[in-house]
Amino acid sequence: MPAKSDGPSSSSGFSEAPHYHGHRERLRERFREAGADALSDYELLEMVLFRALPRRDVKPLAKALIAKFGSFAEVVHAPELRLKEVSGLGDSAITEIKLIAATASRVAKGRISKEKTVLSSWSNVIEYCRAAMAFADKEQFRILFLDKRNQLIADELQQIGTVDHTPVYPREVVKRALELSATAIILVHNHPSGDPTPSTADIQMTKSIMSISSPLGISVHDHIIVGKNGHASLKGMRLI
């Protein structure tokens, strides 16, 4: 009795490679020749999953992830617990996905760190803040501490709150600035709802910090709010 085949065979009797092998190479070739813009979100996500799932057609999984979270950016920034809800997505694949988010944040931070002054690279500051926080599912409050030449001394995540609130203590913010010998700070937080429009509480909290920091020679250059739908600058909106 002939042995059962483990896969499809050609007329010559040799096993054929799974159909997705050719698809993978075509995607790689398109990426090499035309760049990432030539690929849709789910196709780019497929390429991320190739290494973690080498013996599987990952197109259905990539499409399922985009359908669940909305976009490539939202998938790579999704919390691990939510990613684990997706059937067929194991730890190794989740690690590959989160590596992309970490890389994006590290690259964006590197751009502002190498500039002579943070204020001369404002677009890079916004890019970094969005990469680090825009897609988080809980509110986060971050501070960029600057020296007298407006160079970055430190970037610290101060608080993580709930889906719509982060406790911020103005005196603690100023105390930390004094510890680092900072002469200016940029406040940053995210709105998980996606809408970066500042609330009354956001404005009041910023003014409270300014009222304590100003007499001590510490300037608040801005308060930036980020969300997946964009960003808002309280200074740009003339709210502070």
# chains A, B, ... in the order shown; residues from 1 in each chain; ligands from 1
$ residues_around --residues "stretch 39-49 of chain A" --least-positions-apart "5" --cutoff "9 Å" --atoms "only C-alpha atoms" --output "PyMOL selection string"
chain A and resi 24+27-28+30-31+34+54+57-59+61-66+71-73+75-76+93-94+96-97+100
$ residues_around --residues "stretch 225-236 of chain A" --least-positions-apart "6" --cutoff "10 Å" --atoms "only C-alpha atoms" --output "ChimeraX atom specification"
/A:73-74,126-127,129-136,141,187-198,202-203,206
$ select_by_dssp --residues "stretch 1-231 of chain A" --states "alpha helix (DSSP H)" --output "PyMOL selection string"
chain A and resi 19-34+41-50+59-69+72-76+80-83+91-113+122-133+170-179+200-213
$ residues_around --residues "A:Ser113" --least-positions-apart "3" --cutoff "8 Å" --atoms "only C-alpha atoms" --output "compact mmCIF listing (two decimals) with N, CA and C atoms, in the first residue's frame"
# COMPACT_ATOMS: atom_id res chain seq x y z
N LYS A 109 12.61 58.72 18.81
CA LYS A 109 13.31 59.34 19.94
C LYS A 109 14.73 59.71 19.55
N GLY A 110 15.39 58.87 18.76
CA GLY A 110 16.75 59.16 18.32
C GLY A 110 16.84 60.43 17.52
N VAL A 118 15.71 70.73 21.02
CA VAL A 118 14.43 70.06 20.80
C VAL A 118 13.50 70.97 19.99
N GLN A 151 18.13 71.54 25.02
CA GLN A 151 18.52 70.17 24.65
C GLN A 151 17.87 69.20 25.62
N LEU A 152 17.57 68.01 25.13
CA LEU A 152 16.86 67.02 25.94
C LEU A 152 17.77 66.45 27.03
$ select_by_dssp --residues "stretch 4-240 of chain A" --states "strand (DSSP E or B)" --output "PyMOL selection string"
chain A and resi 9+15+140-146+152-160+184-190+219-227+230-233
